[in-house]
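Asker: Got a file for you: input.tsv, TSV, C-alpha atoms.
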chain	number	residue	atom	x	y	z
A	2	MET	CA	14.51	11.89	-3.40
A	3	ASN	CA	17.86	10.74	-4.59
A	4	TYR	CA	16.53	7.81	-6.59
A	5	PRO	CA	16.71	7.43	-10.36
A	6	ASN	CA	13.61	8.68	-12.21
A	7	SER	CA	12.12	5.23	-12.79
A	8	ILE	CA	11.99	4.65	-9.04
A	9	ASN	CA	10.68	8.14	-8.26
A	10	ASP	CA	7.95	7.68	-10.88
A	11	LEU	CA	6.85	4.43	-9.29
A	12	ILE	CA	6.82	6.06	-5.84
A	13	GLU	CA	4.51	8.74	-7.27
A	14	CYS	CA	2.22	6.03	-8.69
A	15	TYR	CA	1.95	4.23	-5.37
A	16	LYS	CA	1.29	7.51	-3.57
A	17	ARG	CA	-1.94	7.90	-5.53
A	18	LEU	CA	-3.35	4.83	-3.79
A	19	PRO	CA	-5.54	5.36	-0.71
A	20	GLY	CA	-3.70	5.34	2.62
A	21	ILE	CA	-0.25	5.25	1.02
A	22	GLY	CA	2.07	8.07	2.09
A	23	GLU	CA	5.56	9.03	0.99
A	24	LYS	CA	7.35	6.51	3.19
A	25	THR	CA	5.14	3.49	2.43
A	26	ALA	CA	5.25	4.30	-1.28
A	27	GLU	CA	9.05	4.35	-1.12
A	28	ARG	CA	9.12	1.01	0.69
A	29	MET	CA	6.69	-0.47	-1.84
A	30	ALA	CA	8.69	0.80	-4.83
A	31	LEU	CA	11.94	-0.63	-3.45
A	32	ALA	CA	10.19	-3.95	-2.84
A	33	THR	CA	8.85	-3.92	-6.40
A	34	LEU	CA	12.40	-3.47	-7.63
A	35	LYS	CA	13.23	-6.81	-6.06
A	36	PHE	CA	10.45	-8.69	-7.88
A	37	ASP	CA	11.70	-10.86	-10.72
A	38	GLU	CA	11.20	-9.57	-14.26
A	39	LYS	CA	8.27	-11.88	-14.95
A	40	THR	CA	6.33	-10.67	-11.92
A	41	ILE	CA	6.86	-7.03	-12.85
A	42	HIS	CA	5.74	-7.70	-16.41
A	43	GLN	CA	2.64	-9.45	-15.07
A	44	PHE	CA	1.90	-6.53	-12.73
A	45	SER	CA	2.21	-4.06	-15.59
A	46	GLN	CA	0.02	-6.23	-17.81
A	47	THR	CA	-2.59	-6.52	-15.06
A	48	LEU	CA	-2.90	-2.75	-14.92
A	49	ASN	CA	-3.38	-2.62	-18.68
A	50	ASN	CA	-6.07	-5.27	-18.42
A	51	LEU	CA	-8.17	-3.03	-16.20
A	52	ASN	CA	-9.71	-1.48	-19.30
A	53	LYS	CA	-11.60	-4.79	-19.76
A	54	ILE	CA	-13.67	-3.94	-16.70
A	55	LYS	CA	-17.14	-2.62	-17.40
A	56	ARG	CA	-20.43	-2.59	-15.53
A	57	CYS	CA	-22.99	-5.40	-15.53
A	58	LYS	CA	-25.95	-4.48	-17.76
A	59	LYS	CA	-28.34	-5.78	-15.16
A	60	CYS	CA	-27.02	-4.81	-11.73
A	61	ASN	CA	-24.13	-2.40	-12.45
A	62	ASN	CA	-21.56	-4.62	-10.69
A	63	TYR	CA	-18.00	-4.85	-12.09
A	64	THR	CA	-17.69	-7.43	-14.86
A	65	GLU	CA	-15.69	-8.29	-17.95
A	66	ASP	CA	-18.77	-9.56	-19.82
A	67	ASP	CA	-22.24	-8.15	-20.36
A	68	LEU	CA	-23.53	-9.73	-17.16
A	69	CYS	CA	-21.62	-10.17	-13.90
A	70	VAL	CA	-20.95	-13.60	-12.34
A	71	ILE	CA	-23.84	-13.20	-9.93
A	72	CYS	CA	-26.43	-12.20	-12.53
A	73	LYS	CA	-25.23	-15.06	-14.76
A	74	ASP	CA	-25.53	-17.62	-11.93
A	75	ASP	CA	-28.69	-19.71	-12.40
A	76	SER	CA	-28.71	-20.83	-8.78
A	77	ARG	CA	-29.32	-17.31	-7.47
A	78	GLU	CA	-32.83	-16.15	-6.59
A	79	LYS	CA	-33.42	-13.51	-9.25
A	80	ASP	CA	-36.51	-12.08	-7.52
A	81	ILE	CA	-34.74	-10.74	-4.41
A	82	ILE	CA	-32.57	-7.68	-4.99
A	83	CYS	CA	-30.12	-6.33	-2.43
A	84	VAL	CA	-29.54	-2.64	-3.18
A	85	VAL	CA	-26.01	-1.43	-2.38
A	86	GLU	CA	-24.07	1.78	-2.87
A	87	GLU	CA	-20.87	0.47	-4.48
A	88	PRO	CA	-19.66	-2.72	-6.19
A	89	LYS	CA	-17.31	-3.46	-3.28
A	90	ASN	CA	-20.31	-3.80	-0.95
A	91	ILE	CA	-21.38	-6.85	-2.98
A	92	ASN	CA	-18.16	-8.58	-2.05
A	93	MET	CA	-18.81	-7.87	1.62
A	94	PHE	CA	-22.25	-9.51	1.47
A	95	GLU	CA	-20.94	-12.44	-0.60
A	96	LYS	CA	-18.36	-13.16	2.10
A	97	THR	CA	-21.17	-13.73	4.61
A	98	LYS	CA	-22.50	-16.51	2.33
A	99	SER	CA	-25.96	-15.77	3.73
A	100	PHE	CA	-27.59	-14.08	0.76
A	101	ASN	CA	-28.58	-15.94	-2.38
A	102	GLY	CA	-30.44	-13.23	-4.24
A	103	VAL	CA	-29.04	-10.72	-6.72
A	104	TYR	CA	-27.74	-7.18	-6.28
A	105	HIS	CA	-28.24	-3.70	-7.62
A	106	VAL	CA	-25.42	-1.16	-7.42
A	107	LEU	CA	-26.63	2.44	-7.11
A	108	ASN	CA	-23.20	3.97	-7.63
A	109	GLY	CA	-23.85	6.67	-5.09
A	110	LEU	CA	-26.59	7.88	-2.76
A	111	ILE	CA	-29.07	10.72	-3.09
A	112	SER	CA	-27.53	13.83	-1.56
A	113	PRO	CA	-29.29	17.10	-2.43
A	114	LEU	CA	-26.65	19.07	-0.50
A	115	ASP	CA	-23.95	17.75	-2.84
A	116	GLY	CA	-26.21	18.18	-5.84
A	117	ILE	CA	-26.73	14.43	-6.27
A	118	ASN	CA	-30.34	13.87	-7.30
A	119	PRO	CA	-32.21	10.57	-7.86
A	120	SER	CA	-31.51	10.82	-11.60
A	121	ASP	CA	-27.76	11.03	-10.96
A	122	ILE	CA	-27.52	7.57	-9.45
A	123	ASN	CA	-28.47	4.22	-10.90
A	124	LEU	CA	-32.09	4.19	-9.69
A	125	ASN	CA	-34.11	4.10	-12.91
A	126	SER	CA	-32.67	0.72	-13.86
A	127	LEU	CA	-33.75	-0.57	-10.43
A	128	PHE	CA	-37.33	0.51	-11.08
A	129	GLU	CA	-37.12	-1.09	-14.54
A	130	ARG	CA	-36.04	-4.35	-12.96
A	131	VAL	CA	-39.01	-4.21	-10.57
A	132	GLU	CA	-41.25	-3.58	-13.56
A	133	ASN	CA	-39.89	-6.33	-15.78
A	134	ASP	CA	-38.29	-9.05	-13.65
A	135	ASN	CA	-41.12	-10.02	-11.31
A	136	ILE	CA	-39.23	-8.93	-8.19
A	137	LYS	CA	-40.58	-10.13	-4.82
A	138	GLU	CA	-38.37	-8.27	-2.36
A	139	ILE	CA	-35.97	-5.37	-2.31
A	140	ILE	CA	-33.48	-5.24	0.58
A	141	ILE	CA	-31.97	-1.80	1.00
A	142	ALA	CA	-28.41	-2.20	2.28
A	143	VAL	CA	-26.93	1.27	2.24
A	144	LYS	CA	-25.07	2.95	5.07
A	145	PRO	CA	-27.09	4.55	7.89
A	146	SER	CA	-26.47	8.22	7.07
A	147	ILE	CA	-28.65	11.12	5.93
A	148	GLU	CA	-27.87	10.17	2.32
A	149	GLY	CA	-28.59	6.50	2.97
A	150	GLU	CA	-31.89	7.23	4.69
A	151	THR	CA	-32.92	9.67	1.94
A	152	THR	CA	-32.17	7.07	-0.71
A	153	ALA	CA	-34.08	4.38	1.20
A	154	LEU	CA	-37.05	6.69	1.60
A	155	TYR	CA	-37.04	7.62	-2.07
A	156	ILE	CA	-36.98	3.98	-3.18
A	157	THR	CA	-39.81	3.12	-0.76
A	158	LYS	CA	-41.86	6.06	-1.99
A	159	MET	CA	-41.36	5.24	-5.67
A	160	LEU	CA	-42.34	1.62	-5.20
A	161	GLU	CA	-45.18	2.01	-2.70
A	162	GLU	CA	-47.79	1.15	-5.34
A	163	LYS	CA	-46.04	-2.11	-6.27
A	164	ASP	CA	-46.83	-5.43	-4.69
A	165	ILE	CA	-43.32	-6.10	-3.37
A	166	ILE	CA	-41.68	-6.26	0.04
A	167	ILE	CA	-39.18	-3.50	0.72
A	168	SER	CA	-36.87	-4.09	3.67
A	169	LYS	CA	-33.78	-2.46	5.15
A	170	ILE	CA	-30.85	-4.21	6.80
A	171	ALA	CA	-30.78	-3.84	10.60
A	172	HIS	CA	-28.72	-1.07	12.13
A	173	GLY	CA	-27.48	-1.46	15.69
A	174	VAL	CA	-24.61	-2.47	17.91
A	175	PRO	CA	-21.97	-4.40	15.91
A	176	MET	CA	-20.79	-7.83	17.11
A	177	GLY	CA	-17.93	-7.92	19.61
A	178	THR	CA	-18.06	-4.22	20.41
A	179	ASP	CA	-17.79	-2.90	23.93
A	180	MET	CA	-20.99	-0.99	24.74
A	181	ASP	CA	-18.85	1.89	26.10
A	182	TYR	CA	-17.74	2.80	22.60
A	183	ILE	CA	-21.13	2.90	20.91
A	184	ASP	CA	-22.36	6.35	19.89
A	185	SER	CA	-25.83	7.43	20.98
A	186	MET	CA	-27.24	7.49	17.42
A	187	THR	CA	-26.42	3.82	17.01
A	188	LEU	CA	-27.83	3.00	20.43
A	189	GLU	CA	-31.02	4.85	19.57
A	190	MET	CA	-31.37	2.77	16.39
A	191	ALA	CA	-30.56	-0.42	18.27
A	192	LEU	CA	-33.29	0.35	20.79
A	193	GLU	CA	-35.82	1.22	18.11
A	194	ASP	CA	-35.13	-1.95	16.12
A	195	ARG	CA	-35.14	-4.16	19.22
A	196	LYS	CA	-36.18	-7.77	18.68
A	197	LYS	CA	-38.41	-9.73	21.00
A	198	ILE	CA	-36.64	-12.79	22.36
A	199	SER	CA	-39.02	-13.96	25.12
A	200	LYS	CA	-41.20	-16.93	24.25
A	201	ASN	CA	-44.46	-15.94	26.02
A	202	ASN	CA	-46.74	-13.24	24.57
B	26	MET	CA	-13.58	-12.92	-4.28
B	27	ASN	CA	-16.49	-12.12	-6.52
B	28	TYR	CA	-14.60	-9.70	-8.71
B	29	PRO	CA	-13.80	-10.16	-12.39
B	30	ASN	CA	-10.38	-11.71	-13.06
B	31	SER	CA	-8.67	-8.46	-13.98
B	32	ILE	CA	-9.48	-7.05	-10.54
B	33	ASN	CA	-8.53	-10.25	-8.70
B	34	ASP	CA	-5.20	-10.30	-10.58
B	35	LEU	CA	-4.44	-6.75	-9.51
B	36	ILE	CA	-5.34	-7.58	-5.89
B	37	GLU	CA	-2.82	-10.45	-6.07
B	38	CYS	CA	-0.15	-8.07	-7.41
B	39	TYR	CA	-0.69	-5.57	-4.62
B	40	LYS	CA	-0.60	-8.34	-2.03
B	41	ARG	CA	3.01	-9.06	-2.96
B	42	LEU	CA	4.01	-5.65	-1.63
B	43	PRO	CA	5.33	-5.40	1.94
B	44	GLY	CA	2.73	-4.70	4.59
B	45	ILE	CA	-0.20	-5.07	2.18
B	46	GLY	CA	-2.80	-7.64	3.21
B	47	GLU	CA	-5.94	-8.92	1.50
B	48	LYS	CA	-8.14	-6.03	2.57
B	49	THR	CA	-5.73	-3.19	1.75
B	50	ALA	CA	-4.92	-4.82	-1.60
B	51	GLU	CA	-8.63	-4.93	-2.40
B	52	ARG	CA	-9.04	-1.27	-1.44
B	53	MET	CA	-6.01	-0.33	-3.54
B	54	ALA	CA	-7.22	-2.30	-6.58
B	55	LEU	CA	-10.67	-0.68	-6.44
B	56	ALA	CA	-9.02	2.74	-6.12
B	57	THR	CA	-6.82	1.96	-9.13
B	58	LEU	CA	-9.95	1.17	-11.10
B	59	LYS	CA	-11.06	4.75	-10.57
B	60	PHE	CA	-7.85	6.25	-11.99
B	61	ASP	CA	-8.26	7.70	-15.46
B	62	GLU	CA	-6.93	5.69	-18.38
B	63	LYS	CA	-3.85	7.88	-18.80
B	64	THR	CA	-2.78	7.41	-15.17
B	65	ILE	CA	-3.18	3.63	-15.39
B	66	HIS	CA	-1.16	3.53	-18.60
B	67	GLN	CA	1.54	5.63	-16.92
B	68	PHE	CA	1.55	3.31	-13.89
B	69	SER	CA	1.93	0.26	-16.12
B	70	GLN	CA	4.69	1.96	-18.12
B	71	THR	CA	6.52	2.92	-14.93
B	72	LEU	CA	6.66	-0.71	-13.89
B	73	ASN	CA	8.09	-1.65	-17.28
B	74	ASN	CA	10.69	1.09	-16.91
B	75	LEU	CA	12.09	-0.56	-13.80
B	76	ASN	CA	14.32	-2.70	-15.99
B	77	LYS	CA	16.33	0.48	-16.68
B	78	ILE	CA	17.54	0.41	-13.08
B	79	LYS	CA	21.05	-0.92	-12.56
B	80	ARG	CA	23.75	-0.40	-9.95
B	81	CYS	CA	26.29	2.44	-9.95
B	82	LYS	CA	29.68	1.15	-11.11
B	83	LYS	CA	31.37	3.10	-8.34
B	84	CYS	CA	29.21	2.84	-5.23
B	85	ASN	CA	26.56	0.23	-6.09
B	86	ASN	CA	23.65	2.69	-5.58
B	87	TYR	CA	20.59	2.48	-7.84
B	88	THR	CA	21.03	4.35	-11.11
B	89	GLU	CA	19.90	4.45	-14.72
B	90	ASP	CA	23.37	5.37	-15.99
B	91	ASP	CA	26.85	4.03	-15.30
B	92	LEU	CA	27.31	6.31	-12.32
B	93	CYS	CA	24.63	7.41	-9.83
B	94	VAL	CA	23.66	11.06	-9.32
B	95	ILE	CA	25.83	11.32	-6.22
B	96	CYS	CA	28.98	9.86	-7.80
B	97	LYS	CA	28.43	12.11	-10.85
B	98	ASP	CA	28.05	15.25	-8.70
B	99	ASP	CA	31.26	17.30	-8.83
B	100	SER	CA	30.40	19.21	-5.66
B	101	ARG	CA	30.59	16.08	-3.48
B	102	GLU	CA	33.73	15.29	-1.51
B	103	LYS	CA	34.93	12.16	-3.25
B	104	ASP	CA	37.45	11.28	-0.53
B	105	ILE	CA	34.92	10.59	2.25
B	106	ILE	CA	32.93	7.39	1.86
B	107	CYS	CA	29.90	6.55	3.97
B	108	VAL	CA	29.44	2.77	3.94
B	109	VAL	CA	25.78	1.63	4.09
B	110	GLU	CA	23.96	-1.68	3.85
B	111	GLU	CA	21.32	-0.89	1.25
B	112	PRO	CA	20.63	1.78	-1.40
B	113	LYS	CA	17.63	3.05	0.58
B	114	ASN	CA	19.96	4.04	3.45
B	115	ILE	CA	21.57	6.58	1.12
B	116	ASN	CA	18.26	8.35	0.78
B	117	MET	CA	17.94	8.52	4.57
B	118	PHE	CA	21.33	10.21	4.92
B	119	GLU	CA	20.64	12.53	1.99
B	120	LYS	CA	17.48	13.74	3.72
B	121	THR	CA	19.56	14.99	6.66
B	122	LYS	CA	21.49	17.26	4.23
B	123	SER	CA	24.46	16.97	6.58
B	124	PHE	CA	26.77	14.72	4.57
B	125	ASN	CA	28.54	15.87	1.44
B	126	GLY	CA	30.76	12.87	0.76
B	127	VAL	CA	29.98	9.81	-1.35
B	128	TYR	CA	28.55	6.42	-0.46
B	129	HIS	CA	29.32	2.74	-0.79
B	130	VAL	CA	26.48	0.20	-0.74
B	131	LEU	CA	27.51	-3.18	0.66
B	132	ASN	CA	24.30	-4.92	-0.34
B	133	GLY	CA	24.24	-6.96	2.84
B	134	LEU	CA	26.29	-7.49	5.98
B	135	ILE	CA	28.73	-10.22	6.94
B	136	SER	CA	26.80	-12.98	8.71
B	137	PRO	CA	28.68	-16.28	9.06
B	138	LEU	CA	25.60	-17.88	10.67
B	139	ASP	CA	23.59	-17.23	7.49
B	140	GLY	CA	26.54	-18.23	5.31
B	141	ILE	CA	27.21	-14.66	4.20
B	142	ASN	CA	30.98	-14.19	4.01
B	143	PRO	CA	32.98	-11.03	3.20
B	144	SER	CA	33.25	-12.15	-0.43
B	145	ASP	CA	29.45	-12.35	-0.72
B	146	ILE	CA	28.90	-8.66	-0.15
B	147	ASN	CA	30.23	-5.68	-2.03
B	148	LEU	CA	33.44	-5.24	0.00
B	149	ASN	CA	36.19	-5.78	-2.54
B	150	SER	CA	35.12	-2.77	-4.57
B	151	LEU	CA	35.31	-0.71	-1.36
B	152	PHE	CA	38.93	-1.74	-0.83
B	153	GLU	CA	39.62	-0.99	-4.51
B	154	ARG	CA	38.24	2.51	-4.02
B	155	VAL	CA	40.50	3.02	-0.99
B	156	GLU	CA	43.43	1.83	-3.11
B	157	ASN	CA	42.72	3.98	-6.17
B	158	ASP	CA	40.66	7.01	-5.17
B	159	ASN	CA	42.83	8.61	-2.48
B	160	ILE	CA	40.20	8.16	0.22
B	161	LYS	CA	40.68	10.13	3.46
B	162	GLU	CA	37.88	8.80	5.65
B	163	ILE	CA	35.49	5.89	5.76
B	164	ILE	CA	32.36	6.30	7.88
B	165	ILE	CA	30.72	2.98	8.68
B	166	ALA	CA	26.95	3.53	8.90
B	167	VAL	CA	25.46	0.08	9.26
B	168	LYS	CA	22.92	-0.99	11.85
B	169	PRO	CA	24.14	-1.85	15.37
B	170	SER	CA	23.69	-5.63	15.28
B	171	ILE	CA	26.04	-8.61	15.42
B	172	GLU	CA	26.20	-8.54	11.62
B	173	GLY	CA	26.81	-4.79	11.56
B	174	GLU	CA	29.56	-4.97	14.18
B	175	THR	CA	31.21	-7.93	12.41
B	176	THR	CA	31.20	-6.03	9.13
B	177	ALA	CA	32.61	-2.90	10.79
B	178	LEU	CA	35.35	-4.94	12.45
B	179	TYR	CA	36.24	-6.66	9.19
B	180	ILE	CA	36.53	-3.37	7.31
B	181	THR	CA	38.67	-1.87	10.11
B	182	LYS	CA	40.92	-4.93	10.13
B	183	MET	CA	41.38	-4.98	6.36
B	184	LEU	CA	42.26	-1.30	6.22
B	185	GLU	CA	44.38	-1.01	9.35
B	186	GLU	CA	47.59	-0.65	7.34
B	187	LYS	CA	46.20	2.24	5.29
B	188	ASP	CA	46.61	5.87	6.20
B	189	ILE	CA	42.88	6.66	6.43
B	190	ILE	CA	40.43	7.52	9.20
B	191	ILE	CA	37.79	4.87	9.85
B	192	SER	CA	34.83	6.02	11.91
B	193	LYS	CA	31.44	4.63	12.89
B	194	ILE	CA	28.21	6.60	13.30
B	195	ALA	CA	27.19	7.10	16.95
B	196	HIS	CA	24.75	4.66	18.48
B	197	GLY	CA	22.68	5.82	21.44
B	198	VAL	CA	19.33	7.14	22.58
B	199	PRO	CA	17.32	8.45	19.61
B	200	MET	CA	15.93	12.00	19.66
B	201	GLY	CA	12.53	12.54	21.24
B	202	THR	CA	12.40	9.14	22.87
B	203	ASP	CA	11.21	8.64	26.41
B	204	MET	CA	14.05	7.10	28.42
B	205	ASP	CA	11.60	4.54	29.80
B	206	TYR	CA	11.41	2.81	26.45
B	207	ILE	CA	15.12	2.46	25.73
B	208	ASP	CA	16.51	-1.08	25.91
B	209	SER	CA	19.59	-1.73	28.05
B	210	MET	CA	21.85	-2.54	25.07
B	211	THR	CA	21.22	0.90	23.63
B	212	LEU	CA	21.73	2.53	27.03
B	213	GLU	CA	25.00	0.67	27.42
B	214	MET	CA	26.17	1.99	24.04
B	215	ALA	CA	24.96	5.48	24.88
B	216	LEU	CA	26.97	5.39	28.12
B	217	GLU	CA	30.07	4.06	26.44
B	218	ASP	CA	29.95	6.67	23.66
B	219	ARG	CA	29.22	9.53	26.09
B	220	LYS	CA	30.41	12.95	25.00
B	221	LYS	CA	32.03	15.49	27.30
B	222	ILE	CA	30.04	18.71	27.43
B	223	SER	CA	31.66	20.57	30.34
B	224	LYS	CA	34.07	23.37	29.42
B	225	ASN	CA	36.72	22.95	32.15
B	226	ASN	CA	39.25	20.11	32.01
Can the structure from this file be put into structure tokens for me?

Answerer:
Amino acid sequence: MNYPNSINDLIECYKRLPGIGEKTAERMALATLKFDEKTIHQFSQTLNNLNKIKRCKKCNNYTEDDLCVICKDDSREKDIICVVEEPKNINMFEKTKSFNGVYHVLNGLISPLDGINPSDINLNSLFERVENDNIKEIIIAVKPSIEGETTALYITKMLEEKDIIISKIAHGVPMGTDMDYIDSMTLEMALEDRKKISKNN
Amino acid sequence: MNYPNSINDLIECYKRLPGIGEKTAERMALATLKFDEKTIHQFSQTLNNLNKIKRCKKCNNYTEDDLCVICKDDSREKDIICVVEEPKNINMFEKTKSFNGVYHVLNGLISPLDGINPSDINLNSLFERVENDNIKEIIIAVKPSIEGETTALYITKMLEEKDIIISKIAHGVPMGTDMDYIDSMTLEMALEDRKKISKNN
């Protein structure tokens, strides 16, 4: 490109972001150039501040302190754990405002084919929490894939001796979707997990 | 959002970029978090380096020096000026590799309705170049809009006494487009600017 180096460098930076190609990166860099000096300084500072981010000692969520905002919150039910794959999944559940327990971030799923064994993901600390924190229920909320199912099975197996409820979020037809576009795997799951809605019987 | 402040701040920064909404900004911020420390530092530094960018003294293109790479290049034909609206347009022409002259960035177009008069855009320096640099041809390459046409007319009017060629890039049906989707204004221009291709006569 025929831009000065500082602009080309910024285009390269933006291109590292997911879903950003050459053209979008160029457009973003030229837009950045039009920010006022204060905004650019702030942006740069914000990137430097990222090194403050660590993982919550309890649930492995992103945090700047030892414990994340959710684990620190006294109003949350500390005996119900929702097990998720990545920190961003927490945000998705929080947006629903329908869960008041705490979370546990696995940071991956068991995948023997990729060489990811139970010890490679954050499972031991989950079992420790069950041991020490008087947990009543574990809700497994990982994606419905071979890896997700394997991980769910492993957790269930490891905790089968404990007196806790283990549940899994429902898989089925998403809201607002045309039935024509649903794959047969999903339909099979939706059928299997069908819910009785008649009053009699 | 339930992220630590450093992440929320970065999401806000990304949201300022064109075409980036809440969800994409979140995805980009979480991806940035996974960059190694060196890359993040580089990214931050790159933003700080943007203050090096100024405008070329000759053509008003982006540059880090007094003159831009194109104005500095001895192999370019300095007597043909392609007049564009914004610095990014230069890059578009450069990609075609079919123009070896120099450029002039207007930084806007005349638009009396928006209160943008000839003196508000970078026109005087264009007339100075015509006066001092022995210019042979001026190619007007601004977008075909009321503002673009007004600007083209103004330039033509101001230079009508000079012994130079003033031309305008062709407007018409773009390559690879289905004729069904062409608006009538474009078709009208395409008809008007038709090119003879028969050999006889």

Asker: In Å, with one decimal, what is the gap from atom CA of Pro175 of chain A to atom CA of Lys158 of chain A?

Answerer: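 Value for the atom CA of Pro175 of chain A-atom CA of Lys158 of chain A distance: 28.7 Å.
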
Asker: Tell me which of A:Met159, A:Leu127, A:Ile117, A:Met190 sits closest to Lys58 of chain A, counting all atoms listed in the file.

Answerer: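 Answer, going by the shortest atom-to-atom distance: A:Leu127.
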
Asker: Dump as a tab-separated table the rows for residues of chain B within 9 Å of chain A: closest atom pair and distance in Å with one decimal, only C-alpha atoms counted, ordered by chain and rising residue number.

Answerer:
residue	atom	partner	partner_atom	distance
B:Met26	CA	A:Asn92	CA	6.7
B:Asn27	CA	A:Asn92	CA	5.9
B:Tyr28	CA	A:Tyr63	CA	6.8
B:Pro29	CA	A:Thr64	CA	5.4
B:Asn30	CA	A:Glu65	CA	8.0
B:Ser31	CA	A:Leu51	CA	5.9
B:Ile32	CA	A:Leu51	CA	7.1
B:Asp34	CA	A:Thr47	CA	6.4
B:Leu35	CA	A:Thr47	CA	5.9
B:Cys38	CA	A:Phe44	CA	5.9
B:Tyr39	CA	A:Phe44	CA	8.6
B:Arg41	CA	A:Thr33	CA	8.5
B:Leu42	CA	A:Met29	CA	5.8
B:Pro43	CA	A:Met29	CA	6.4
B:Gly44	CA	A:Met29	CA	8.7
B:Thr49	CA	A:Gly20	CA	8.8
B:Glu51	CA	A:Lys89	CA	8.8
B:Arg52	CA	A:Pro19	CA	7.5
B:Met53	CA	A:Leu18	CA	5.8
B:Ala54	CA	A:Leu18	CA	8.6
B:Leu55	CA	A:Lys89	CA	7.9
B:Ala56	CA	A:Leu18	CA	6.5
B:Thr57	CA	A:Leu18	CA	7.0
B:Leu58	CA	A:Leu51	CA	6.8
B:Phe60	CA	A:Arg17	CA	8.9
B:Glu62	CA	A:Asn52	CA	7.7
B:Thr64	CA	A:Cys14	CA	8.3
B:Ile65	CA	A:Leu48	CA	6.4
B:His66	CA	A:Asn49	CA	6.5
B:Gln67	CA	A:Cys14	CA	8.3
B:Phe68	CA	A:Cys14	CA	5.9
B:Ser69	CA	A:Ser45	CA	4.4
B:Gln70	CA	A:Ser45	CA	7.0
B:Thr71	CA	A:Leu11	CA	5.8
B:Leu72	CA	A:Ser45	CA	5.8
B:Asn73	CA	A:His42	CA	6.5
B:Asn74	CA	A:Ser7	CA	6.0
B:Leu75	CA	A:Ser7	CA	5.9
B:Asn76	CA	A:Glu38	CA	7.7
B:Lys77	CA	A:Ser7	CA	7.4
B:Ile78	CA	A:Ser7	CA	7.3
B:Asn86	CA	A:Tyr4	CA	8.8
B:Tyr87	CA	A:Pro5	CA	6.8
B:Thr88	CA	A:Pro5	CA	5.4
B:Glu89	CA	A:Pro5	CA	6.2
B:Asp90	CA	A:Pro5	CA	9.0
B:Cys93	CA	A:Pro5	CA	7.9
B:Val94	CA	A:Asn3	CA	7.5
B:Ile95	CA	A:Asn3	CA	8.2
B:Pro112	CA	A:Tyr4	CA	9.0
B:Lys113	CA	A:Leu31	CA	7.9
B:Ile115	CA	A:Asn3	CA	8.0
B:Asn116	CA	A:Asn3	CA	5.9
B:Glu119	CA	A:Asn3	CA	7.4
B:Lys120	CA	A:Met2	CA	7.9

Asker: From the options B:Val127, B:Ile194, B:Met200, B:Val109, which residue's atoms come nearest to Ile160 of chain B, counting all atoms listed in the file?

Answerer: B:Val127

Asker: Given only C-alpha atoms as the basis, pick out the residue of B:Ile146, B:Leu212, B:Leu184, B:Ile190 nearest to Lys161 of chain B.

Answerer: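 That would be B:Ile190, the residue with the smallest distance to Lys161 of chain B.
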
Asker: List the neighbours of Ile81 of chain A out to 6 Å using all atoms listed in the file; skip same-chain residues closer than 3 positions along the sequence, and give me the result as a PyMOL selection string.

Answerer: chain A and resi 102+137-139

Asker: Write a file of the selected residues as a PDB file, in the coordinates of the input, keeping C-alpha atoms.

Answerer:
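Written file, selection_37.pdb:
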ATOM      1  CA  GLY A 102     -30.440 -13.230  -4.240  1.00  0.00           C
ATOM      2  CA  LYS A 137     -40.580 -10.130  -4.820  1.00  0.00           C
ATOM      3  CA  GLU A 138     -38.370  -8.270  -2.360  1.00  0.00           C
ATOM      4  CA  ILE A 139     -35.970  -5.370  -2.310  1.00  0.00           C
TER       5      ILE A 139
END

Asker: How far is it from atom CA of Thr181 of chain B to atom CA of Asn125 of chain B, in Å with one decimal?

Answerer: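 So the answer is 22.2 Å.
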
Asker: Can you tell me which residues surround segment 168-172 of chain B at a distance of at most 8 Å, considering only C-alpha atoms, apart from same-chain residues fewer than 5 positions away, and format the answer as a list in words?

Answerer: Leu134, Ile135, Ser136 and His196 of chain B

Asker: In Å, rounded to a single decimal, give me how far atom CA of Lys48 of chain B is from atom CA of Glu23 of chain A.

Answerer: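 According to the coordinates, atom CA of Glu23 of chain A and atom CA of Lys48 of chain B are separated by 20.4 Å.
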